[in-house]
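Below is entry_11.txt, which holds compact mmCIF, C-alpha atoms and all ligand atoms.
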```
# COMPACT_ATOMS: atom_id res chain seq x y z
CA MET A 1 115.89 92.88 78.80
CA THR A 2 119.61 92.88 79.51
CA THR A 3 121.50 96.09 80.12
CA ALA A 4 125.05 96.58 78.96
CA PRO A 5 127.60 96.67 81.80
CA THR A 6 128.93 100.12 82.70
CA PRO A 7 132.31 100.72 81.10
CA GLN A 8 135.18 101.28 83.54
CA SER A 9 136.69 104.07 81.52
CA LEU A 10 135.61 106.50 78.83
CA THR A 11 137.69 108.39 76.31
CA LEU A 12 136.08 111.51 74.89
CA LEU A 13 137.19 114.27 72.59
CA ARG A 14 138.23 117.08 74.92
CA PRO A 15 135.03 118.88 76.00
CA ASP A 16 134.21 122.60 76.03
CA ASP A 17 132.20 124.54 78.61
CA TRP A 18 129.71 126.73 76.78
CA HIS A 19 128.72 128.79 79.88
CA LEU A 20 131.18 129.75 82.60
CA HIS A 21 131.79 132.47 85.20
CA VAL A 22 135.42 133.00 86.23
CA ARG A 23 135.10 136.45 87.93
CA ASP A 24 138.28 138.53 88.04
CA GLY A 25 141.33 139.30 90.16
CA ALA A 26 142.40 136.94 92.95
CA ALA A 27 139.13 134.98 92.78
CA MET A 28 139.78 134.24 89.12
CA GLN A 29 143.23 132.84 89.90
CA ALA A 30 141.57 130.19 92.05
CA VAL A 31 139.05 128.93 89.49
CA VAL A 32 140.58 129.20 86.01
CA PRO A 33 142.99 126.27 86.61
CA HIS A 34 140.04 123.96 87.38
CA THR A 35 138.31 124.71 84.09
CA ALA A 36 141.53 124.67 82.07
CA ALA A 37 142.32 121.19 83.42
CA GLN A 38 139.11 119.80 81.91
CA PHE A 39 138.03 121.91 78.98
CA ALA A 40 139.71 123.12 75.78
CA ARG A 41 137.51 126.22 75.57
CA ALA A 42 134.91 128.00 77.65
CA VAL A 43 132.41 130.74 76.90
CA ILE A 44 133.12 133.41 79.51
CA MET A 45 130.19 135.26 81.03
CA PRO A 46 130.56 139.06 81.07
CA ASN A 47 128.67 139.85 84.31
CA LEU A 48 131.60 141.44 86.10
CA GLN A 49 131.14 144.59 88.14
CA PRO A 50 131.23 146.77 86.01
CA PRO A 51 130.08 144.48 83.19
CA VAL A 52 132.11 143.68 80.08
CA THR A 53 130.25 145.77 77.52
CA THR A 54 132.90 146.66 74.94
CA THR A 55 135.28 144.76 72.70
CA GLU A 56 138.20 146.51 74.32
CA GLN A 57 137.11 145.40 77.81
CA ALA A 58 136.53 141.85 76.59
CA LEU A 59 140.00 141.60 75.05
CA ALA A 60 141.61 142.94 78.23
CA TYR A 61 139.59 140.45 80.30
CA LYS A 62 140.65 137.64 77.96
CA ALA A 63 144.31 138.53 78.52
CA ARG A 64 143.80 138.44 82.32
CA ILE A 65 142.14 135.01 82.06
CA LEU A 66 144.95 133.66 79.88
CA ALA A 67 147.46 134.90 82.45
CA ALA A 68 145.69 132.74 85.07
CA VAL A 69 146.03 129.55 82.98
CA PRO A 70 148.79 127.32 84.41
CA ALA A 71 151.95 127.06 82.31
CA GLY A 72 151.86 124.29 79.75
CA VAL A 73 148.06 124.04 79.71
CA SER A 74 146.20 124.97 76.57
CA PHE A 75 142.88 126.74 77.14
CA GLU A 76 140.97 129.25 75.05
CA PRO A 77 138.50 131.66 76.64
CA LEU A 78 135.70 132.51 74.20
CA MET A 79 134.63 136.03 74.98
CA THR A 80 131.17 137.60 75.15
CA LEU A 81 129.73 141.09 75.59
CA TYR A 82 127.07 142.07 78.12
CA LEU A 83 124.15 143.73 76.34
CA THR A 84 122.87 146.97 77.79
CA GLU A 85 120.37 149.44 76.42
CA HIS A 86 123.39 151.60 75.48
CA THR A 87 125.20 148.98 73.39
CA ALA A 88 125.83 150.47 69.94
CA PRO A 89 125.28 148.38 66.78
CA GLU A 90 128.81 149.38 65.68
CA GLU A 91 130.18 147.61 68.76
CA ILE A 92 128.94 144.36 67.23
CA GLU A 93 131.10 144.85 64.14
CA ARG A 94 134.13 145.52 66.32
CA ALA A 95 133.31 142.46 68.42
CA ARG A 96 132.99 140.24 65.38
CA ALA A 97 136.32 141.45 64.00
CA ALA A 98 138.01 140.74 67.35
CA GLY A 99 136.75 137.15 67.54
CA ILE A 100 134.11 137.70 70.21
CA VAL A 101 131.60 134.89 69.75
CA ALA A 102 128.40 136.07 71.41
CA CYS A 103 126.48 138.63 73.43
CA LYS A 104 124.69 137.86 76.68
CA LEU A 105 121.19 139.05 77.39
CA TYR A 106 120.44 139.54 81.07
CA PRO A 107 116.93 140.78 81.68
CA ALA A 108 117.53 143.63 84.17
CA GLY A 109 117.27 142.29 87.70
CA ALA A 110 117.22 138.59 86.74
CA THR A 111 120.42 137.54 88.51
CA THR A 112 123.92 138.44 89.79
CA ASN A 113 125.16 141.76 88.33
CA SER A 114 122.23 142.11 85.94
CA ALA A 115 121.22 145.63 87.00
CA GLN A 116 122.64 147.11 83.78
CA GLY A 117 120.78 144.52 81.70
CA VAL A 118 117.83 144.98 79.39
CA THR A 119 114.42 146.17 80.57
CA ASN A 120 112.70 145.91 77.19
CA LEU A 121 113.96 143.85 74.25
CA ARG A 122 112.65 146.50 71.83
CA ASN A 123 115.36 148.82 73.15
CA ILE A 124 118.08 146.57 71.75
CA TYR A 125 116.50 145.64 68.40
CA PRO A 126 119.14 147.55 66.35
CA VAL A 127 121.88 145.61 68.17
CA LEU A 128 120.10 142.29 67.64
CA GLU A 129 119.82 143.13 63.93
CA ALA A 130 123.57 143.75 63.81
CA MET A 131 124.20 140.45 65.61
CA GLN A 132 121.97 138.58 63.19
CA ARG A 133 123.83 140.18 60.27
CA GLN A 134 127.30 139.57 61.72
CA GLY A 135 126.60 136.03 62.91
CA LEU A 136 127.16 136.66 66.63
CA LEU A 137 125.17 134.35 68.89
CA LEU A 138 122.69 135.63 71.47
CA LEU A 139 123.00 133.91 74.85
CA VAL A 140 119.84 134.29 76.86
CA HIS A 141 119.20 134.20 80.58
CA GLY A 142 115.61 133.12 80.02
CA GLU A 143 113.61 134.36 82.97
CA VAL A 144 111.09 137.16 83.29
CA THR A 145 111.73 139.45 86.22
CA SER A 146 108.27 140.71 87.18
CA ALA A 147 107.74 140.45 90.91
CA GLU A 148 104.21 139.13 90.41
CA ILE A 149 105.40 136.04 88.49
CA ASP A 150 106.25 133.15 90.80
CA LEU A 151 110.00 132.50 90.87
CA PHE A 152 109.50 128.90 89.79
CA ASP A 153 107.43 129.94 86.73
CA ARG A 154 109.75 132.63 85.40
CA GLU A 155 111.43 130.48 82.74
CA ALA A 156 108.20 129.07 81.29
CA VAL A 157 106.66 132.55 81.19
CA PHE A 158 109.79 133.93 79.47
CA ILE A 159 109.27 131.51 76.58
CA GLU A 160 105.76 132.76 75.92
CA GLN A 161 106.27 136.46 76.62
CA GLN A 162 109.78 137.08 75.28
CA LEU A 163 111.39 134.21 73.42
CA ILE A 164 108.62 133.39 70.95
CA PRO A 165 108.21 137.04 69.80
CA LEU A 166 112.00 137.51 69.73
CA ARG A 167 112.50 134.52 67.46
CA ARG A 168 109.67 135.62 65.20
CA ASP A 169 111.38 139.00 64.76
CA PHE A 170 114.91 137.56 64.34
CA PRO A 171 114.50 134.22 62.58
CA ASN A 172 118.17 134.01 61.55
CA LEU A 173 119.69 134.96 64.90
CA LYS A 174 121.33 131.99 66.58
CA ILE A 175 120.18 131.80 70.18
CA VAL A 176 121.40 129.71 73.09
CA PHE A 177 118.73 129.32 75.76
CA GLU A 178 121.16 129.13 78.68
CA HIS A 179 120.94 126.80 81.67
CA ILE A 180 117.43 125.52 80.98
CA THR A 181 115.62 124.20 84.04
CA THR A 182 112.12 123.16 82.97
CA LYS A 183 110.31 120.65 80.80
CA GLU A 184 108.72 123.60 78.99
CA ALA A 185 112.16 124.87 77.92
CA ALA A 186 113.39 121.41 76.90
CA GLN A 187 110.27 120.88 74.79
CA TYR A 188 110.39 124.35 73.27
CA VAL A 189 113.97 123.83 72.09
CA ARG A 190 113.24 120.31 70.87
CA ASP A 191 110.33 121.48 68.71
CA ALA A 192 111.95 124.69 67.42
CA ASP A 193 114.11 125.12 64.31
CA ALA A 194 117.89 124.80 64.13
CA PHE A 195 118.57 128.43 65.17
CA ILE A 196 118.07 127.67 68.86
CA ALA A 197 119.89 125.32 71.22
CA ALA A 198 120.20 125.03 75.01
CA THR A 199 122.85 124.48 77.63
CA ILE A 200 122.19 122.37 80.73
CA THR A 201 124.12 122.55 84.02
CA PRO A 202 125.23 119.58 86.12
CA GLN A 203 123.16 120.71 89.11
CA HIS A 204 119.94 120.76 87.10
CA LEU A 205 120.61 117.19 85.92
CA LEU A 206 121.53 115.88 89.37
CA TYR A 207 119.22 117.66 91.81
CA ASN A 208 115.68 118.87 92.19
CA ARG A 209 114.50 121.72 94.43
CA ASN A 210 114.36 119.50 97.50
CA ALA A 211 118.16 119.76 97.59
CA ILE A 212 117.86 123.41 98.69
CA PHE A 213 115.75 122.53 101.73
CA THR A 214 116.71 119.03 102.90
CA GLY A 215 117.64 119.05 106.58
CA GLY A 216 117.66 122.87 106.71
CA ILE A 217 118.32 125.56 104.13
CA ARG A 218 121.31 124.66 101.97
CA PRO A 219 122.55 127.75 100.16
CA HIS A 220 125.16 125.94 98.10
CA TYR A 221 122.34 124.44 96.04
CA TYR A 222 120.87 127.86 95.29
CA CYS A 223 121.43 129.12 91.78
CA LEU A 224 119.39 130.98 89.18
CA PRO A 225 117.30 129.82 87.50
CA VAL A 226 116.50 127.94 90.70
CA LEU A 227 116.31 124.12 90.84
CA LYS A 228 112.83 122.90 89.94
CA ARG A 229 110.57 119.89 90.66
CA GLU A 230 111.63 116.33 89.91
CA GLU A 231 109.51 116.16 86.75
CA HIS A 232 111.59 118.98 85.31
CA ARG A 233 114.88 117.34 86.27
CA LEU A 234 113.73 114.17 84.52
CA ALA A 235 112.83 116.14 81.38
CA LEU A 236 116.30 117.74 81.37
CA VAL A 237 118.01 114.36 81.79
CA GLN A 238 115.92 113.01 78.94
CA ALA A 239 116.89 115.98 76.75
CA ALA A 240 120.61 115.87 77.58
CA THR A 241 120.86 112.11 77.05
CA SER A 242 118.62 111.97 73.98
CA GLY A 243 121.48 112.34 71.52
CA SER A 244 119.89 115.52 70.15
CA SER A 245 122.47 118.08 69.06
CA LYS A 246 120.23 120.87 70.43
CA TYR A 247 121.43 120.37 74.00
CA PHE A 248 125.02 120.76 75.12
CA LEU A 249 127.25 121.28 78.12
CA GLY A 250 127.33 124.61 79.93
CA THR A 251 128.23 124.32 83.59
CA ASP A 252 127.22 127.83 84.68
CA SER A 253 129.88 127.27 87.31
CA ALA A 254 129.43 130.49 89.31
CA PRO A 255 131.84 130.90 92.22
CA HIS A 256 130.91 133.02 95.23
CA ALA A 257 132.77 133.20 98.54
CA ALA A 258 131.16 130.74 100.96
CA HIS A 259 130.36 133.48 103.49
CA LEU A 260 128.35 135.35 100.85
CA LYS A 261 126.27 132.26 100.10
CA GLU A 262 125.84 131.34 103.78
CA HIS A 263 124.23 134.71 104.37
CA ALA A 264 120.83 136.24 105.13
CA SER A 265 120.63 137.20 101.45
CA GLY A 266 122.81 134.52 99.91
CA CYS A 267 124.28 134.83 96.42
CA ALA A 268 123.00 132.62 93.59
CA GLY A 269 125.42 130.22 91.93
CA CYS A 270 126.85 126.71 92.21
CA TYR A 271 130.56 126.11 91.75
CA SER A 272 131.18 122.99 89.66
CA ALA A 273 134.39 123.62 87.70
CA HIS A 274 136.47 121.43 90.06
CA ALA A 275 134.61 118.29 88.90
CA ALA A 276 132.40 119.34 86.01
CA LEU A 277 132.88 116.38 83.71
CA GLU A 278 132.71 113.93 86.61
CA LEU A 279 129.36 115.37 87.71
CA TYR A 280 127.94 115.13 84.20
CA ALA A 281 129.27 111.55 83.91
CA SER A 282 127.34 110.60 87.07
CA ALA A 283 124.14 112.05 85.64
CA PHE A 284 124.60 110.29 82.29
CA GLU A 285 125.51 107.00 83.98
CA ALA A 286 122.39 107.14 86.17
CA ALA A 287 120.35 107.52 82.98
CA GLY A 288 122.16 104.57 81.34
CA ALA A 289 123.40 106.94 78.65
CA LEU A 290 127.18 107.24 79.00
CA ASP A 291 127.39 106.67 75.24
CA LYS A 292 125.65 110.05 74.75
CA LEU A 293 128.09 112.04 76.91
CA GLU A 294 130.62 112.81 74.17
CA GLY A 295 128.09 114.41 71.85
CA PHE A 296 126.72 116.58 74.67
CA ALA A 297 130.11 117.51 76.13
CA SER A 298 132.42 117.67 73.13
CA LEU A 299 130.61 117.90 69.79
CA TYR A 300 127.27 119.71 69.67
CA GLY A 301 128.33 122.99 71.24
CA ALA A 302 131.21 123.52 68.80
CA ASP A 303 128.91 122.59 65.92
CA PHE A 304 126.25 125.10 67.01
CA TYR A 305 128.80 127.89 67.46
CA GLY A 306 130.31 127.05 64.05
CA LEU A 307 133.71 126.37 65.62
CA PRO A 308 136.00 123.40 64.91
CA ARG A 309 135.69 120.36 67.15
CA ASN A 310 138.64 119.66 69.43
CA THR A 311 141.05 116.96 68.38
CA SER A 312 142.76 115.87 71.61
CA THR A 313 141.02 113.58 74.11
CA VAL A 314 140.38 113.19 77.84
CA ARG A 315 139.89 110.00 79.82
CA LEU A 316 137.39 109.42 82.59
CA VAL A 317 137.95 106.46 84.88
CA LYS A 318 135.38 104.78 87.11
CA GLN A 319 137.23 105.36 90.35
CA SER A 320 135.77 106.79 93.52
CA TRP A 321 137.31 109.97 94.99
CA THR A 322 136.15 112.61 97.40
CA ALA A 323 135.58 116.16 96.22
CA PRO A 324 137.34 118.74 98.46
CA GLU A 325 135.27 120.50 101.16
CA HIS A 326 136.55 123.88 99.98
CA PHE A 327 139.11 125.77 97.98
CA ALA A 328 140.93 129.01 98.75
CA PHE A 329 139.17 131.87 96.95
CA GLY A 330 140.79 135.28 96.80
CA GLU A 331 141.82 137.19 99.90
CA GLY A 332 140.94 135.15 102.96
CA ALA A 333 137.75 133.68 101.48
CA GLN A 334 136.74 130.12 100.79
CA LEU A 335 134.82 128.54 97.96
CA LYS A 336 132.54 125.60 98.67
CA PRO A 337 132.06 123.46 95.56
CA LEU A 338 129.12 121.36 94.48
CA ALA A 339 129.29 117.87 96.04
CA ALA A 340 131.80 119.17 98.64
CA GLY A 341 133.16 116.28 100.68
CA GLU A 342 131.08 113.75 98.75
CA ALA A 343 132.24 110.68 96.87
CA LEU A 344 132.24 110.98 93.08
CA ALA A 345 132.19 107.83 90.99
CA TRP A 346 134.17 109.09 88.00
CA GLN A 347 137.53 110.76 87.89
CA LEU A 348 139.20 112.64 85.09
CA GLN A 349 142.73 111.41 84.49
CA GLY A 350 145.41 114.07 84.42
O1 LIG B 401 123.12 131.26 89.80
C1 LIG B 401 123.58 132.07 89.03
N1 LIG B 401 124.77 132.68 89.26
N2 LIG B 401 122.88 132.40 87.94
C2 LIG B 401 123.25 133.39 87.13
O2 LIG B 401 122.55 133.65 86.17
C3 LIG B 401 124.46 134.20 87.42
C4 LIG B 401 125.39 133.46 88.26
C5 LIG B 401 126.49 134.33 88.86
O3 LIG B 401 127.09 135.12 88.14
O4 LIG B 401 126.74 134.19 90.05
ZN ZN B 402 125.56 132.00 84.27
```
Show me the file's structure as structure tokens.
Amino acid sequence: MTTAPTPQSLTLLRPDDWHLHVRDGAAMQAVVPHTAAQFARAVIMPNLQPPVTTTEQALAYKARILAAVPAGVSFEPLMTLYLTEHTAPEEIERARAAGIVACKLYPAGATTNSAQGVTNLRNIYPVLEAMQRQGLLLLVHGEVTSAEIDLFDREAVFIEQQLIPLRRDFPNLKIVFEHITTKEAAQYVRDADAFIAATITPQHLLYNRNAIFTGGIRPHYYCLPVLKREEHRLALVQAATSGSSKYFLGTDSAPHAAHLKEHASGCAGCYSAHAALELYASAFEAAGALDKLEGFASLYGADFYGLPRNTSTVRLVKQSWTAPEHFAFGEGAQLKPLAAGEALAWQLQG
């Protein structure tokens, strides 16, 4: 068998990031330019402190994000609401009218700033009905939170205990199973109907759980859901590179100050916005599937959200460069990115 030579450059329709954390204030000023340099649009996670729970808050947050976009760069934040057990069904109508695309479900206690999340899905059924009626997507952090369930099993258990009953009760609600990390999730989405899709992060395509522990504990590889075994990474690579429109790009780039990750109780989240497309290109190249990158990065997410595809393009060149060791991040803090100080094989042309 002969394999086709790797192309030296790739032109793609401009991609979108369907799952992104940009924080707020000075921290936000540091990260928004990275995403805006690569992506036309990004779905903005609402897990601020306090969370973005109303249309009014989301529109104000959107204006602050737009103010952090460098002059001359075109970038559209796609806003979401954080679901709590106090979210009113009427809020969904207001959100729809204001162009908010989705609501995020954080099971209470699952991750960063999820304390105001949902303890029992039954408590938000009227809101989910309104979302199904109004055509807002439900973005799911798919992990159970019970202390007795092993951390590495929480996604697979979520499918059985929460997702299957939820989809039975809301068959016309469009759901994005966010940042999937297991073969169980990849298979579930593959075999399900067209109302569910999944995002996959660069770190879950590139690393397995050994990365967190090699040569000592490495907090910059710690995110939630946590990296899993190699068999799961391989299943995710297979899914992302399969050409199936059910899987698309969502970086889950989640910046935290380095000193809060290098800590006795380190924060969860990998920062990848500085080189998101380059990291995905490495993963797709390693799988011999660069021809599948455009669908994953630039087409399937827009199609699933029912939004127009982008029309401009970006160019990736096979040219080695070294990712920075750190970036400035708010007042006096530093941000350590994924692949800090490492060589990356692909580079996005400006
Ligand atoms: O690792 C993570 N970081 N996972 C999440 O679900 C949230 C995120 C954050 O906001 O830091
Ligand atoms: Zn996230």
6 Å from ligand LIG 401 (chain B) is the threshold here; counting all atoms listed in the file, which polymer residues fall inside it? Answer as JSON, numbers by chain. {"A": [111, 112, 223, 224, 254, 268, 269]}
Store the residues of this selection in a file with C-alpha atoms, as an mmCIF file, in the coordinates of the input.
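Generated file (out-v4.cif):
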```cif
data_model
loop_
_atom_site.group_PDB
_atom_site.id
_atom_site.type_symbol
_atom_site.label_atom_id
_atom_site.label_comp_id
_atom_site.auth_asym_id
_atom_site.auth_seq_id
_atom_site.Cartn_x
_atom_site.Cartn_y
_atom_site.Cartn_z
ATOM 1 C CA THR A 111 120.420 137.540 88.510
ATOM 2 C CA THR A 112 123.920 138.440 89.790
ATOM 3 C CA CYS A 223 121.430 129.120 91.780
ATOM 4 C CA LEU A 224 119.390 130.980 89.180
ATOM 5 C CA ALA A 254 129.430 130.490 89.310
ATOM 6 C CA ALA A 268 123.000 132.620 93.590
ATOM 7 C CA GLY A 269 125.420 130.220 91.930
#
```
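Residues in contact with ligand ZN 402 (chain B) comprise His19, Leu20, His21, Met45, His141, Glu178, His179, Leu224, Asp252, Ser253, Ala254 and Gly269 of chain A, where contact means an atom-to-atom distance of at most 8 Å counting all atoms listed in the file.
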I need the chosen residues saved as an mmCIF file, in the coordinates of the input, with C-alpha atoms.
```
data_model
loop_
_atom_site.group_PDB
_atom_site.id
_atom_site.type_symbol
_atom_site.label_atom_id
_atom_site.label_comp_id
_atom_site.auth_asym_id
_atom_site.auth_seq_id
_atom_site.Cartn_x
_atom_site.Cartn_y
_atom_site.Cartn_z
ATOM 1 C CA HIS A 19 128.720 128.790 79.880
ATOM 2 C CA LEU A 20 131.180 129.750 82.600
ATOM 3 C CA HIS A 21 131.790 132.470 85.200
ATOM 4 C CA MET A 45 130.190 135.260 81.030
ATOM 5 C CA HIS A 141 119.200 134.200 80.580
ATOM 6 C CA GLU A 178 121.160 129.130 78.680
ATOM 7 C CA HIS A 179 120.940 126.800 81.670
ATOM 8 C CA LEU A 224 119.390 130.980 89.180
ATOM 9 C CA ASP A 252 127.220 127.830 84.680
ATOM 10 C CA SER A 253 129.880 127.270 87.310
ATOM 11 C CA ALA A 254 129.430 130.490 89.310
ATOM 12 C CA GLY A 269 125.420 130.220 91.930
#
```
**Request:** With all atoms listed in the file counted, which protein, DNA or RNA residues have an atom no more than 9 Å from (125.3, 113.9, 70.9) in the file frame? Please answer as a ChimeraX atom specification.
**Result:** /A:240-248,291-300
For the residues selected in the previous step, produce a file with C-alpha atoms as a PDB file, in the frame of the given file.
```
ATOM      1  CA  ALA A 240     120.610 115.870  77.580  1.00  0.00           C
ATOM      2  CA  THR A 241     120.860 112.110  77.050  1.00  0.00           C
ATOM      3  CA  SER A 242     118.620 111.970  73.980  1.00  0.00           C
ATOM      4  CA  GLY A 243     121.480 112.340  71.520  1.00  0.00           C
ATOM      5  CA  SER A 244     119.890 115.520  70.150  1.00  0.00           C
ATOM      6  CA  SER A 245     122.470 118.080  69.060  1.00  0.00           C
ATOM      7  CA  LYS A 246     120.230 120.870  70.430  1.00  0.00           C
ATOM      8  CA  TYR A 247     121.430 120.370  74.000  1.00  0.00           C
ATOM      9  CA  PHE A 248     125.020 120.760  75.120  1.00  0.00           C
ATOM     10  CA  ASP A 291     127.390 106.670  75.240  1.00  0.00           C
ATOM     11  CA  LYS A 292     125.650 110.050  74.750  1.00  0.00           C
ATOM     12  CA  LEU A 293     128.090 112.040  76.910  1.00  0.00           C
ATOM     13  CA  GLU A 294     130.620 112.810  74.170  1.00  0.00           C
ATOM     14  CA  GLY A 295     128.090 114.410  71.850  1.00  0.00           C
ATOM     15  CA  PHE A 296     126.720 116.580  74.670  1.00  0.00           C
ATOM     16  CA  ALA A 297     130.110 117.510  76.130  1.00  0.00           C
ATOM     17  CA  SER A 298     132.420 117.670  73.130  1.00  0.00           C
ATOM     18  CA  LEU A 299     130.610 117.900  69.790  1.00  0.00           C
ATOM     19  CA  TYR A 300     127.270 119.710  69.670  1.00  0.00           C
TER      20      TYR A 300
END
```
Within 8 Å of (118.4, 140.8, 77.9) (coordinates as in the file), grab all the protein and nucleic acid residues, counting all atoms listed in the file, and write them out as a short mmCIF file (atom, residue, chain, number, x, y, z; two decimals) with C-alpha atoms, in the coordinates of the input.
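Dumped to out16.cif:
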```
data_model
loop_
_atom_site.label_atom_id
_atom_site.label_comp_id
_atom_site.auth_asym_id
_atom_site.auth_seq_id
_atom_site.Cartn_x
_atom_site.Cartn_y
_atom_site.Cartn_z
CA LEU A 83 124.15 143.73 76.34
CA THR A 84 122.87 146.97 77.79
CA LYS A 104 124.69 137.86 76.68
CA LEU A 105 121.19 139.05 77.39
CA TYR A 106 120.44 139.54 81.07
CA PRO A 107 116.93 140.78 81.68
CA ALA A 108 117.53 143.63 84.17
CA GLY A 117 120.78 144.52 81.70
CA VAL A 118 117.83 144.98 79.39
CA THR A 119 114.42 146.17 80.57
CA ASN A 120 112.70 145.91 77.19
CA LEU A 121 113.96 143.85 74.25
CA VAL A 140 119.84 134.29 76.86
CA HIS A 141 119.20 134.20 80.58
#
```
- Tell me, as a PyMOL selection string, which residues lie within 9 Å of Lys62 of chain A, counting all atoms listed in the file; anything in the same chain fewer than 4 positions away does not count. chain A and resi 44+57-58+66-67+76-79
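When only C-alpha atoms are used to measure the gap to Gly250 of chain A, the shortest distance among A:Thr214, A:Asn208, A:Thr35, A:Thr201 belongs to A:Thr201.
One finds atom CA of Pro255 of chain A at 18.2 Å from atom CA of Arg41 of chain A.
Between atom CA of Leu279 of chain A and atom CA of Gln187 of chain A the separation is 23.7 Å.
Among the candidate residues A:Ala275, A:Val237, A:Ala185, A:Ala340, the one lying nearest to Pro33 of chain A is A:Ala275, with distances computed using all atoms listed in the file.
The space separating atom CA of Leu344 of chain A from atom CA of Gln319 of chain A comes to 8.0 Å.
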Identify, on the basis of all atoms listed in the file, every residue whose closest approach to Phe39 of chain A does not exceed 9 Å; exclude the query and any residue fewer than 2 positions from it along the same chain; express the result as a ChimeraX atom specification. /A:14-17,34-37,41-42,75-76,277
Of A:Ala97, A:Val69, A:Val43, A:Cys267, the one sitting nearest Leu249 of chain A when using all atoms listed in the file is A:Val43
Checklist line | Test item: residues at most 12 Å from Glu129 of chain A, all atoms listed in the file, excluding those fewer than 4 positions along its chain, as a PyMOL selection string | finding: chain A and resi 88-90+92-93+121-125+133-138+166-167+169-174
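Between Lys228 of chain A and the candidates A:Tyr188, A:Phe284, A:Phe152, A:Tyr271, the tightest atom-to-atom separation, counting only C-alpha atoms, involves A:Phe152.
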